[in-house]
$ cat start-v6.txt   # compact mmCIF, C-alpha atoms
# COMPACT_ATOMS: atom_id res chain seq x y z
CA MET A 11 -12.85 -0.99 20.41
CA ASN A 12 -9.18 -1.95 20.25
CA ALA A 13 -10.21 -4.82 17.99
CA ILE A 14 -13.28 -3.38 16.27
CA ILE A 15 -11.66 -0.21 14.89
CA PRO A 16 -8.71 -1.93 13.17
CA LEU A 17 -10.94 -4.81 12.00
CA LEU A 18 -13.40 -2.36 10.44
CA CYS A 19 -10.62 -0.24 8.95
CA GLY A 20 -8.93 -3.32 7.51
CA ALA A 21 -12.25 -4.29 5.94
CA LEU A 22 -12.69 -0.81 4.44
CA PHE A 23 -9.14 -0.91 3.09
CA GLY A 24 -9.71 -4.36 1.60
CA ALA A 25 -12.91 -3.20 -0.08
CA GLY A 26 -11.13 -0.13 -1.45
CA VAL A 27 -8.25 -2.00 -3.05
CA CYS A 28 -10.56 -4.72 -4.40
CA LEU A 29 -13.03 -2.27 -5.92
CA SER A 30 -10.39 0.05 -7.36
CA GLY A 31 -8.50 -2.79 -9.03
CA MET A 32 -5.27 -2.20 -7.09
CA VAL A 33 -5.24 -5.89 -6.13
CA ARG A 34 -4.72 -6.76 -9.81
CA PRO A 35 -1.07 -6.40 -10.84
CA SER A 36 -2.23 -6.33 -14.48
CA LYS A 37 -4.26 -3.17 -13.74
CA VAL A 38 -1.41 -1.53 -11.82
CA ILE A 39 0.97 -2.23 -14.69
CA GLY A 40 -1.65 -0.83 -17.08
CA PHE A 41 -1.17 2.43 -15.22
CA LEU A 42 2.62 2.31 -14.73
CA ASP A 43 3.45 1.17 -18.29
CA PHE A 44 3.28 4.33 -20.41
CA GLY A 45 4.24 2.34 -23.51
CA GLY A 46 1.15 0.14 -23.43
CA ALA A 47 -2.58 0.84 -23.54
CA TRP A 48 -2.48 3.34 -20.68
CA ASP A 49 -5.14 3.10 -17.95
CA ALA A 50 -5.52 6.24 -15.83
CA SER A 51 -7.78 4.64 -13.19
CA LEU A 52 -5.15 4.54 -10.45
CA LEU A 53 -4.64 8.28 -10.79
CA LEU A 54 -8.29 8.69 -9.79
CA VAL A 55 -7.84 6.30 -6.84
CA MET A 56 -5.00 8.48 -5.62
CA ALA A 57 -6.87 11.76 -6.23
CA SER A 58 -9.99 10.62 -4.45
CA ALA A 59 -8.07 9.17 -1.50
CA LEU A 60 -5.85 12.25 -1.12
CA ALA A 61 -8.80 14.66 -1.23
CA LEU A 62 -10.46 12.84 1.66
CA HIS A 63 -7.32 12.35 3.70
CA VAL A 64 -6.55 16.07 3.62
CA VAL A 65 -9.86 16.48 5.48
CA ALA A 66 -8.78 13.83 8.01
CA TRP A 67 -5.64 15.83 8.89
CA ARG A 68 -7.81 18.97 9.22
CA ILE A 69 -10.05 17.17 11.71
CA VAL A 70 -7.01 15.97 13.66
CA LYS A 71 -5.73 19.55 13.90
CA GLY A 72 -8.89 20.59 15.70
CA MET A 73 -8.71 17.77 18.27
CA THR A 74 -6.59 17.45 21.40
CA GLY A 75 -6.04 13.68 21.17
CA PRO A 76 -7.41 10.46 19.71
CA ARG A 77 -10.35 8.90 21.59
CA PHE A 78 -8.85 5.39 21.41
CA GLY A 79 -5.13 6.10 21.44
CA THR A 80 -2.44 8.01 23.28
CA ALA A 81 -1.51 10.88 20.96
CA PHE A 82 -1.62 12.12 17.39
CA PRO A 83 1.55 11.89 15.30
CA GLY A 84 4.03 14.70 15.84
CA PRO A 85 5.16 16.93 12.98
CA ALA A 86 6.51 15.02 9.98
CA ALA A 87 10.28 14.62 9.80
CA SER A 88 11.85 16.57 6.95
CA VAL A 89 15.26 14.95 6.45
CA ILE A 90 15.76 13.94 2.83
CA ASP A 91 18.58 11.40 2.87
CA VAL A 92 20.03 8.61 0.76
CA ARG A 93 18.09 6.05 2.73
CA LEU A 94 14.74 7.69 1.91
CA VAL A 95 15.46 8.24 -1.78
CA GLY A 96 17.28 4.92 -2.28
CA GLY A 97 14.54 3.00 -0.47
CA ALA A 98 11.82 4.67 -2.53
CA ALA A 99 13.78 3.86 -5.71
CA LEU A 100 14.09 0.17 -4.74
CA PHE A 101 10.38 0.10 -3.98
CA GLY A 102 9.68 1.69 -7.37
CA VAL A 103 11.70 -0.94 -9.23
CA GLY A 104 9.93 -3.76 -7.37
CA TRP A 105 6.51 -2.21 -7.90
CA GLY A 106 7.14 -1.60 -11.61
CA LEU A 107 8.40 -5.16 -12.16
CA SER A 108 5.46 -7.05 -10.66
CA GLY A 109 2.66 -4.52 -10.18
CA PHE A 110 2.34 -5.50 -6.51
CA CYS A 111 2.49 -3.03 -3.64
CA PRO A 112 2.29 -4.21 -0.01
CA GLY A 113 -1.37 -3.73 1.02
CA PRO A 114 -3.11 -4.98 -2.12
CA ALA A 115 -0.62 -7.87 -2.42
CA VAL A 116 -1.61 -9.21 1.00
CA VAL A 117 -5.33 -8.90 0.15
CA SER A 118 -4.70 -10.80 -3.12
CA LEU A 119 -3.50 -13.85 -1.11
CA VAL A 120 -7.17 -14.85 -0.80
CA SER A 121 -7.24 -15.56 -4.55
CA GLY A 122 -4.85 -18.47 -3.93
CA THR A 123 -2.64 -17.25 -6.79
CA THR A 124 0.94 -18.53 -6.53
CA ALA A 125 2.42 -15.16 -7.53
CA SER A 126 0.73 -13.46 -4.55
CA PHE A 127 2.25 -15.94 -2.10
CA VAL A 128 5.70 -15.68 -3.69
CA PHE A 129 5.55 -11.87 -3.55
CA VAL A 130 4.26 -11.59 0.02
CA GLY A 131 6.68 -14.26 1.30
CA ALA A 132 9.67 -12.51 -0.28
CA MET A 133 8.48 -9.09 0.90
CA LEU A 134 7.96 -10.13 4.54
CA ALA A 135 11.30 -11.97 4.64
CA ALA A 136 13.08 -8.89 3.28
CA MET A 137 11.30 -6.60 5.79
CA LEU A 138 12.26 -8.87 8.67
CA ALA A 139 15.86 -9.11 7.45
CA PHE A 140 16.12 -5.35 7.08
CA ASP A 141 14.65 -4.59 10.50
CA ARG A 142 16.74 -7.30 12.18
CA SER A 143 19.87 -5.79 10.66
CA GLY A 144 19.23 -2.85 12.97
CA ARG A 145 19.23 -0.16 10.33
CA THR A 146 15.71 0.97 11.05
CA ASP A 147 14.33 3.90 12.96
CA GLY A 148 10.71 2.80 12.67
CA MET B 17 -8.68 3.87 -23.08
CA HIS B 18 -8.01 0.29 -22.06
CA ASP B 19 -9.73 -1.04 -18.91
CA PHE B 20 -10.60 2.46 -17.57
CA THR B 21 -12.84 2.19 -14.49
CA PRO B 22 -13.32 5.74 -13.15
CA VAL B 23 -16.28 5.15 -10.81
CA GLN B 24 -14.72 2.12 -9.10
CA ALA B 25 -11.44 4.04 -8.84
CA LEU B 26 -13.04 7.06 -7.15
CA VAL B 27 -15.15 4.96 -4.76
CA GLY B 28 -12.24 2.62 -4.04
CA GLY B 29 -9.93 5.54 -3.30
CA ALA B 30 -12.55 7.00 -0.96
CA LEU B 31 -12.81 3.69 0.94
CA ILE B 32 -9.03 3.44 1.29
CA ALA B 33 -8.86 7.01 2.60
CA THR B 34 -11.77 6.43 5.00
CA SER B 35 -10.00 3.39 6.40
CA LEU B 36 -6.75 5.23 7.09
CA ALA B 37 -8.63 8.36 8.22
CA ILE B 38 -10.55 6.45 10.91
CA MET B 39 -7.30 4.83 12.09
CA LEU B 40 -5.71 8.28 12.33
CA ILE B 41 -8.58 10.16 13.96
CA ALA B 42 -9.69 7.40 16.36
CA THR B 43 -6.36 5.83 17.31
CA GLY B 44 -3.74 8.43 16.33
CA ARG B 45 -1.91 5.96 14.10
CA ILE B 46 -0.57 6.57 10.60
CA ALA B 47 -1.58 3.13 9.36
CA GLY B 48 0.70 2.69 6.35
CA LEU B 49 0.45 -0.88 5.12
CA SER B 50 4.17 -1.69 4.88
CA GLY B 51 4.54 -0.48 8.47
CA ILE B 52 1.58 -2.58 9.62
CA PHE B 53 3.10 -5.72 8.09
CA ALA B 54 6.65 -5.06 9.31
CA GLY B 55 5.37 -4.58 12.88
CA PHE B 56 3.16 -7.65 12.53
CA ILE B 57 6.02 -10.00 11.65
CA ALA B 58 8.33 -8.34 14.18
CA GLY B 59 5.77 -9.42 16.79
CA ARG B 60 6.44 -6.70 19.37
CA ARG B 61 4.33 -7.29 22.47
CA GLY B 62 1.58 -4.72 23.08
CA ASP B 63 1.82 -3.40 19.54
CA TRP B 64 0.71 -6.48 17.69
CA ALA B 65 -3.00 -7.19 18.17
CA TRP B 66 -4.33 -4.16 16.28
CA ARG B 67 -2.19 -5.11 13.28
CA ALA B 68 -3.58 -8.65 13.36
CA TRP B 69 -7.13 -7.27 13.47
CA PHE B 70 -6.49 -4.91 10.58
CA ILE B 71 -5.05 -7.74 8.46
CA THR B 72 -7.96 -9.99 9.44
CA GLY B 73 -10.42 -7.34 8.23
CA MET B 74 -8.58 -7.02 4.91
CA LEU B 75 -8.58 -10.75 4.33
CA ILE B 76 -12.26 -11.27 5.26
CA VAL B 77 -13.36 -8.69 2.70
CA GLY B 78 -10.90 -10.16 0.19
CA VAL B 79 -12.50 -13.59 0.60
CA ALA B 80 -15.94 -12.05 0.08
CA PHE B 81 -14.76 -10.48 -3.19
CA GLU B 82 -13.09 -13.72 -4.31
CA LEU B 83 -16.35 -15.61 -3.72
CA ALA B 84 -18.71 -13.02 -5.20
CA ARG B 85 -16.54 -11.64 -8.01
CA PRO B 86 -13.46 -13.79 -8.67
CA GLU B 87 -12.51 -11.48 -11.56
CA THR B 88 -11.52 -8.97 -8.85
CA PHE B 89 -8.14 -10.76 -8.76
CA ASP B 90 -5.56 -11.89 -11.31
CA HIS B 91 -5.48 -15.68 -11.13
CA GLY B 92 -2.11 -16.19 -12.72
CA ALA B 93 1.31 -14.58 -12.98
CA ARG B 94 2.07 -11.88 -15.56
CA VAL B 95 5.80 -12.32 -15.15
CA PRO B 96 8.02 -15.31 -14.22
CA LEU B 97 7.87 -16.20 -10.53
CA TRP B 98 11.59 -15.53 -9.96
CA LEU B 99 10.91 -11.96 -11.03
CA VAL B 100 7.93 -11.77 -8.67
CA ALA B 101 10.19 -12.98 -5.83
CA ALA B 102 12.87 -10.40 -6.71
CA SER B 103 10.18 -7.74 -6.79
CA GLY B 104 8.99 -8.80 -3.33
CA VAL B 105 12.51 -8.48 -1.92
CA LEU B 106 12.93 -5.01 -3.47
CA VAL B 107 9.56 -3.82 -2.16
CA GLY B 108 10.30 -5.23 1.32
CA LEU B 109 13.75 -3.62 1.58
CA GLY B 110 12.72 -0.39 -0.12
CA THR B 111 9.64 0.28 2.00
CA ARG B 112 11.54 -0.41 5.24
CA ALA B 113 14.47 1.77 4.22
CA SER B 114 12.21 4.67 3.23
CA ASN B 115 9.67 3.98 6.00
CA GLY B 116 6.57 3.80 3.84
CA CYS B 117 4.80 2.68 0.71
CA THR B 118 1.89 3.81 -1.45
CA SER B 119 -0.40 4.24 1.58
CA GLY B 120 2.00 5.68 4.17
CA HIS B 121 3.96 8.09 1.94
CA GLY B 122 1.62 8.38 -1.05
CA LEU B 123 -1.55 8.96 0.93
CA CYS B 124 -0.98 9.75 4.64
CA GLY B 125 2.24 11.70 4.11
CA ILE B 126 1.38 13.73 1.03
CA SER B 127 -1.99 14.74 2.45
CA ARG B 128 -0.15 16.45 5.34
CA LEU B 129 2.42 17.90 2.90
CA SER B 130 5.32 15.95 4.44
CA LYS B 131 8.46 16.81 2.49
CA ARG B 132 9.85 13.29 2.92
CA SER B 133 6.66 11.69 1.65
CA ILE B 134 6.41 14.01 -1.34
CA VAL B 135 10.00 13.17 -2.34
CA ALA B 136 9.56 9.43 -1.69
CA THR B 137 6.32 9.28 -3.68
CA MET B 138 7.78 11.20 -6.63
CA VAL B 139 10.74 8.81 -6.64
CA PHE B 140 8.79 5.55 -6.42
CA PHE B 141 6.21 6.68 -8.97
CA ALA B 142 8.88 7.84 -11.43
CA VAL B 143 11.00 4.72 -10.96
CA GLY B 144 7.88 2.50 -11.08
CA VAL B 145 6.75 4.06 -14.36
CA ALA B 146 10.25 3.79 -15.84
CA THR B 147 10.61 0.15 -14.75
CA ALA B 148 7.18 -0.91 -16.01
CA THR B 149 7.57 0.98 -19.28
CA ILE B 150 11.03 -0.47 -20.01
CA THR B 151 9.87 -3.97 -18.98
CA GLY B 152 6.86 -3.56 -21.28
CA LEU B 153 9.02 -2.47 -24.24
CA VAL B 154 11.40 -5.38 -23.73
CA THR B 155 8.59 -7.92 -23.26
CA ARG B 156 6.69 -6.75 -26.33
CA SER B 157 9.79 -6.79 -28.53
CA VAL B 158 10.69 -10.45 -27.84
$ encode --input "start-v6.txt" --output "structure tokens"
Amino acid sequence: MNAIIPLLCGALFGAGVCLSGMVRPSKVIGFLDFGGAWDASLLLVMASALALHVVAWRIVKGMTGPRFGTAFPGPAASVIDVRLVGGAALFGVGWGLSGFCPGPAVVSLVSGTTASFVFVGAMLAAMLAFDRSGRTDG
Amino acid sequence: MHDFTPVQALVGGALIATSLAIMLIATGRIAGLSGIFAGFIAGRRGDWAWRAWFITGMLIVGVAFELARPETFDHGARVPLWLVAASGVLVGLGTRASNGCTSGHGLCGISRLSKRSIVATMVFFAVGVATATITGLVTRSV
């Protein structure tokens, strides 16, 4: 089960981002670029996903612990600091420039497109550099 | 409206949520994608295999889509590759600094009304829209 659950969930995630069009930077930009021919599809992806995930947290509330894990996450931290806001802003700039966000970008590697490899390579290198610099709490 | 695909969007969103919901309910993990990848390349012992399985699942389904419906993906770059590389660096640093991306903050965090996730998501959406809109105006004017 330690392999099957994440394998299955990865497959579901892959299907979701492929079907919804999130793996296509051109579609993501169609949503983020308000000056172009605006495409609201990604708003529906978000709405549908959020509606279901609210239910998931409800289910978790009624359980004592996960069947295949040690514990459920504790209460969410609430500190709003420069690191959170600045990090989110950097992510926003990167996302708005290319139309790639982490999950869909990795799935798009299978298309063999050069841009996907360039993006994922740069992203992973930056993540590793950041975490190695010791300024992480995760 | 250009390229509007409401049914695929709703079904796709439901699949994404189901994936992260099963991870949460069955294993107790908030499986945000930037966190999965960061932990995967960090290679911490005992906390690595599940990430590798998750990524394997993503890629297998991706290959199936590429074979059955290649139009699922963009097969070319919209912007110069140096800009794609810069974008990758910004996304890598930004998601590590803020501890989450579209899935972790935007989906898992907001759905439990986490204050941090709500703020982070508002910021990256607003900045993403501003960046893409400005880039679009500049690109279309030259």
$ residues_around --input "start-v6.txt" --residues "Thr155 (chain B)" --least-positions-apart "2" --cutoff "12 Å" --atoms "only C-alpha atoms" --output "PyMOL selection string"
(chain A and resi 43+45-46+107) or (chain B and resi 94-96+147-153+157-158)
$ residues_around --input "start-v6.txt" --residues "Gly92 (chain B)" --least-positions-apart "4" --cutoff "8 Å" --atoms "all atoms listed in the file" --output "list in words"
Thr123, Thr124 and Ala125 of chain A
$ atom_distance --input "start-v6.txt" --atom1 "CA of Gly109 (chain A)" --atom2 "CA of Lys131 (chain B)"
25.5 Å
$ closest_residue --input "start-v6.txt" --among "B:Val143, B:Ile126, B:Leu97, B:Leu109" --to "Gly51 (chain B)" --atoms "all atoms listed in the file"
B:Leu109
$ closest_residue --input "start-v6.txt" --among "B:Met74, B:Val23, B:Leu129, B:Ala65" --to "chain A" --atoms "all atoms listed in the file"
B:Met74
$ residues_around --input "start-v6.txt" --residues "Ser58 (chain A)" --least-positions-apart "3" --cutoff "6 Å" --atoms "all atoms listed in the file" --output "list in words"
Leu54, Val55 and Ala61 of chain A; Leu26, Gly29 and Ala30 of chain B
$ atom_distance --input "start-v6.txt" --atom1 "CA of Phe41 (chain A)" --atom2 "CA of Phe141 (chain B)"
10.6 Å
$ atom_distance --input "start-v6.txt" --atom1 "CA of Ala84 (chain B)" --atom2 "CA of Ile14 (chain A)"
24.2 Å
$ residues_around --input "start-v6.txt" --residues "Thr43 (chain B)" --least-positions-apart "2" --cutoff "8 Å" --atoms "all atoms listed in the file" --output "MDAnalysis selection string"
(chainID A and resid 76:82) or (chainID B and resid 38:41 45)
$ closest_residue --input "start-v6.txt" --among "B:Ser50, B:Ser35, B:Thr21, B:Phe89" --to "Gly104 (chain B)" --atoms "all atoms listed in the file"
B:Ser50
$ residues_around --input "start-v6.txt" --residues "Leu123 (chain B)" --least-positions-apart "2" --cutoff "9 Å" --atoms "all atoms listed in the file" --output "list in words"
Met56, Ala59, Leu60 and His63 of chain A; Ala33, Leu36, Gly48, Cys117, Thr118, Ser119, Gly120, His121, Gly125, Ile126, Ser127, Arg128 and Ser133 of chain B
$ closest_residue --input "start-v6.txt" --among "A:Phe23, A:Phe129, A:Phe101, A:Phe110" --to "Ala113 (chain B)" --atoms "all atoms listed in the file"
A:Phe101
$ closest_residue --input "start-v6.txt" --among "A:Cys111, A:Leu94, A:Val117, A:Ala57" --to "Leu22 (chain A)" --atoms "only C-alpha atoms"
A:Val117
$ closest_residue --input "start-v6.txt" --among "A:Val95, A:Pro114, A:Phe140, A:Trp67" --to "Pro83 (chain A)" --atoms "all atoms listed in the file"
A:Trp67
$ decode --input "start-v6.txt" --residues "region 36-133 of chain A" --atoms "C-alpha atoms" --output "PDB file, in the first residue's frame"
ATOM      1  CA  SER A  36      -0.640  28.338 -23.558  1.00  0.00           C
ATOM      2  CA  LYS A  37      -3.914  27.492 -21.775  1.00  0.00           C
ATOM      3  CA  VAL A  38      -2.643  28.713 -18.397  1.00  0.00           C
ATOM      4  CA  ILE A  39      -1.556  31.998 -19.964  1.00  0.00           C
ATOM      5  CA  GLY A  40      -4.966  32.208 -21.649  1.00  0.00           C
ATOM      6  CA  PHE A  41      -6.360  32.379 -18.130  1.00  0.00           C
ATOM      7  CA  LEU A  42      -3.705  34.614 -16.527  1.00  0.00           C
ATOM      8  CA  ASP A  43      -3.515  37.143 -19.395  1.00  0.00           C
ATOM      9  CA  PHE A  44      -6.521  39.430 -18.912  1.00  0.00           C
ATOM     10  CA  GLY A  45      -5.506  41.473 -21.955  1.00  0.00           C
ATOM     11  CA  GLY A  46      -5.896  38.591 -24.401  1.00  0.00           C
ATOM     12  CA  ALA A  47      -8.796  36.333 -25.359  1.00  0.00           C
ATOM     13  CA  TRP A  48      -9.573  35.346 -21.774  1.00  0.00           C
ATOM     14  CA  ASP A  49     -10.225  31.665 -21.000  1.00  0.00           C
ATOM     15  CA  ALA A  50     -11.994  31.025 -17.684  1.00  0.00           C
ATOM     16  CA  SER A  51     -11.462  27.243 -17.689  1.00  0.00           C
ATOM     17  CA  LEU A  52      -8.842  27.221 -14.937  1.00  0.00           C
ATOM     18  CA  LEU A  53     -11.259  28.994 -12.615  1.00  0.00           C
ATOM     19  CA  LEU A  54     -13.545  25.979 -12.966  1.00  0.00           C
ATOM     20  CA  VAL A  55     -10.638  23.584 -12.300  1.00  0.00           C
ATOM     21  CA  MET A  56      -9.973  25.440  -9.068  1.00  0.00           C
ATOM     22  CA  ALA A  57     -13.668  25.620  -8.076  1.00  0.00           C
ATOM     23  CA  SER A  58     -14.283  21.947  -8.688  1.00  0.00           C
ATOM     24  CA  ALA A  59     -11.098  20.868  -6.894  1.00  0.00           C
ATOM     25  CA  LEU A  60     -11.732  23.134  -3.897  1.00  0.00           C
ATOM     26  CA  ALA A  61     -15.334  21.965  -3.492  1.00  0.00           C
ATOM     27  CA  LEU A  62     -14.182  18.352  -3.248  1.00  0.00           C
ATOM     28  CA  HIS A  63     -11.190  19.011  -1.042  1.00  0.00           C
ATOM     29  CA  VAL A  64     -13.341  20.791   1.534  1.00  0.00           C
ATOM     30  CA  VAL A  65     -15.139  17.444   1.897  1.00  0.00           C
ATOM     31  CA  ALA A  66     -11.783  15.671   2.332  1.00  0.00           C
ATOM     32  CA  TRP A  67     -10.911  17.892   5.323  1.00  0.00           C
ATOM     33  CA  ARG A  68     -14.395  17.205   6.774  1.00  0.00           C
ATOM     34  CA  ILE A  69     -13.753  13.466   6.540  1.00  0.00           C
ATOM     35  CA  VAL A  70     -10.356  13.893   8.198  1.00  0.00           C
ATOM     36  CA  LYS A  71     -11.982  15.763  11.085  1.00  0.00           C
ATOM     37  CA  GLY A  72     -14.149  12.757  11.863  1.00  0.00           C
ATOM     38  CA  MET A  73     -11.231  10.292  11.901  1.00  0.00           C
ATOM     39  CA  THR A  74      -8.655   9.590  14.599  1.00  0.00           C
ATOM     40  CA  GLY A  75      -5.731   8.911  12.250  1.00  0.00           C
ATOM     41  CA  PRO A  76      -4.811   7.880   8.715  1.00  0.00           C
ATOM     42  CA  ARG A  77      -4.981   4.136   7.965  1.00  0.00           C
ATOM     43  CA  PHE A  78      -1.618   4.147   6.155  1.00  0.00           C
ATOM     44  CA  GLY A  79       0.260   6.907   7.947  1.00  0.00           C
ATOM     45  CA  THR A  80       1.213   8.162  11.380  1.00  0.00           C
ATOM     46  CA  ALA A  81      -0.947  11.244  11.938  1.00  0.00           C
ATOM     47  CA  PHE A  82      -3.036  13.900  10.238  1.00  0.00           C
ATOM     48  CA  PRO A  83      -1.521  17.361   9.785  1.00  0.00           C
ATOM     49  CA  GLY A  84      -1.748  19.612  12.819  1.00  0.00           C
ATOM     50  CA  PRO A  85      -3.513  22.979  12.672  1.00  0.00           C
ATOM     51  CA  ALA A  86      -2.264  25.243   9.882  1.00  0.00           C
ATOM     52  CA  ALA A  87       0.354  27.817  10.850  1.00  0.00           C
ATOM     53  CA  SER A  88      -0.927  31.378  10.686  1.00  0.00           C
ATOM     54  CA  VAL A  89       2.221  33.517  10.525  1.00  0.00           C
ATOM     55  CA  ILE A  90       2.088  35.899   7.581  1.00  0.00           C
ATOM     56  CA  ASP A  91       5.677  36.990   7.002  1.00  0.00           C
ATOM     57  CA  VAL A  92       7.887  38.454   4.295  1.00  0.00           C
ATOM     58  CA  ARG A  93       9.084  35.011   3.334  1.00  0.00           C
ATOM     59  CA  LEU A  94       5.537  33.789   2.618  1.00  0.00           C
ATOM     60  CA  VAL A  95       4.431  36.867   0.697  1.00  0.00           C
ATOM     61  CA  GLY A  96       7.759  37.369  -1.107  1.00  0.00           C
ATOM     62  CA  GLY A  97       7.942  33.693  -2.056  1.00  0.00           C
ATOM     63  CA  ALA A  98       4.385  33.712  -3.383  1.00  0.00           C
ATOM     64  CA  ALA A  99       5.179  36.873  -5.382  1.00  0.00           C
ATOM     65  CA  LEU A 100       8.284  35.261  -6.944  1.00  0.00           C
ATOM     66  CA  PHE A 101       6.216  32.199  -7.790  1.00  0.00           C
ATOM     67  CA  GLY A 102       3.570  34.443  -9.361  1.00  0.00           C
ATOM     68  CA  VAL A 103       6.110  36.195 -11.580  1.00  0.00           C
ATOM     69  CA  GLY A 104       7.556  32.859 -12.722  1.00  0.00           C
ATOM     70  CA  TRP A 105       4.119  31.358 -13.321  1.00  0.00           C
ATOM     71  CA  GLY A 106       2.910  34.412 -15.253  1.00  0.00           C
ATOM     72  CA  LEU A 107       6.035  34.489 -17.440  1.00  0.00           C
ATOM     73  CA  SER A 108       5.970  30.884 -18.658  1.00  0.00           C
ATOM     74  CA  GLY A 109       2.566  29.468 -17.723  1.00  0.00           C
ATOM     75  CA  PHE A 110       4.230  26.530 -15.934  1.00  0.00           C
ATOM     76  CA  CYS A 111       3.507  25.559 -12.343  1.00  0.00           C
ATOM     77  CA  PRO A 112       5.368  22.673 -10.679  1.00  0.00           C
ATOM     78  CA  GLY A 113       3.038  19.644 -10.963  1.00  0.00           C
ATOM     79  CA  PRO A 114       1.804  20.102 -14.533  1.00  0.00           C
ATOM     80  CA  ALA A 115       5.321  21.071 -15.688  1.00  0.00           C
ATOM     81  CA  VAL A 116       6.717  17.724 -14.541  1.00  0.00           C
ATOM     82  CA  VAL A 117       3.873  15.838 -16.253  1.00  0.00           C
ATOM     83  CA  SER A 118       4.562  17.788 -19.474  1.00  0.00           C
ATOM     84  CA  LEU A 119       8.106  16.314 -19.599  1.00  0.00           C
ATOM     85  CA  VAL A 120       6.576  13.272 -21.335  1.00  0.00           C
ATOM     86  CA  SER A 121       5.834  15.447 -24.375  1.00  0.00           C
ATOM     87  CA  GLY A 122       9.588  15.739 -24.946  1.00  0.00           C
ATOM     88  CA  THR A 123       9.222  19.510 -25.348  1.00  0.00           C
ATOM     89  CA  THR A 124      12.490  21.383 -24.711  1.00  0.00           C
ATOM     90  CA  ALA A 125      10.744  24.133 -22.733  1.00  0.00           C
ATOM     91  CA  SER A 126       9.424  21.584 -20.206  1.00  0.00           C
ATOM     92  CA  PHE A 127      12.919  20.226 -19.565  1.00  0.00           C
ATOM     93  CA  VAL A 128      14.412  23.708 -19.262  1.00  0.00           C
ATOM     94  CA  PHE A 129      11.692  24.738 -16.804  1.00  0.00           C
ATOM     95  CA  VAL A 130      11.814  21.614 -14.630  1.00  0.00           C
ATOM     96  CA  GLY A 131      15.632  21.581 -14.587  1.00  0.00           C
ATOM     97  CA  ALA A 132      15.801  25.219 -13.496  1.00  0.00           C
ATOM     98  CA  MET A 133      13.019  24.741 -10.940  1.00  0.00           C
TER      99      MET A 133
END
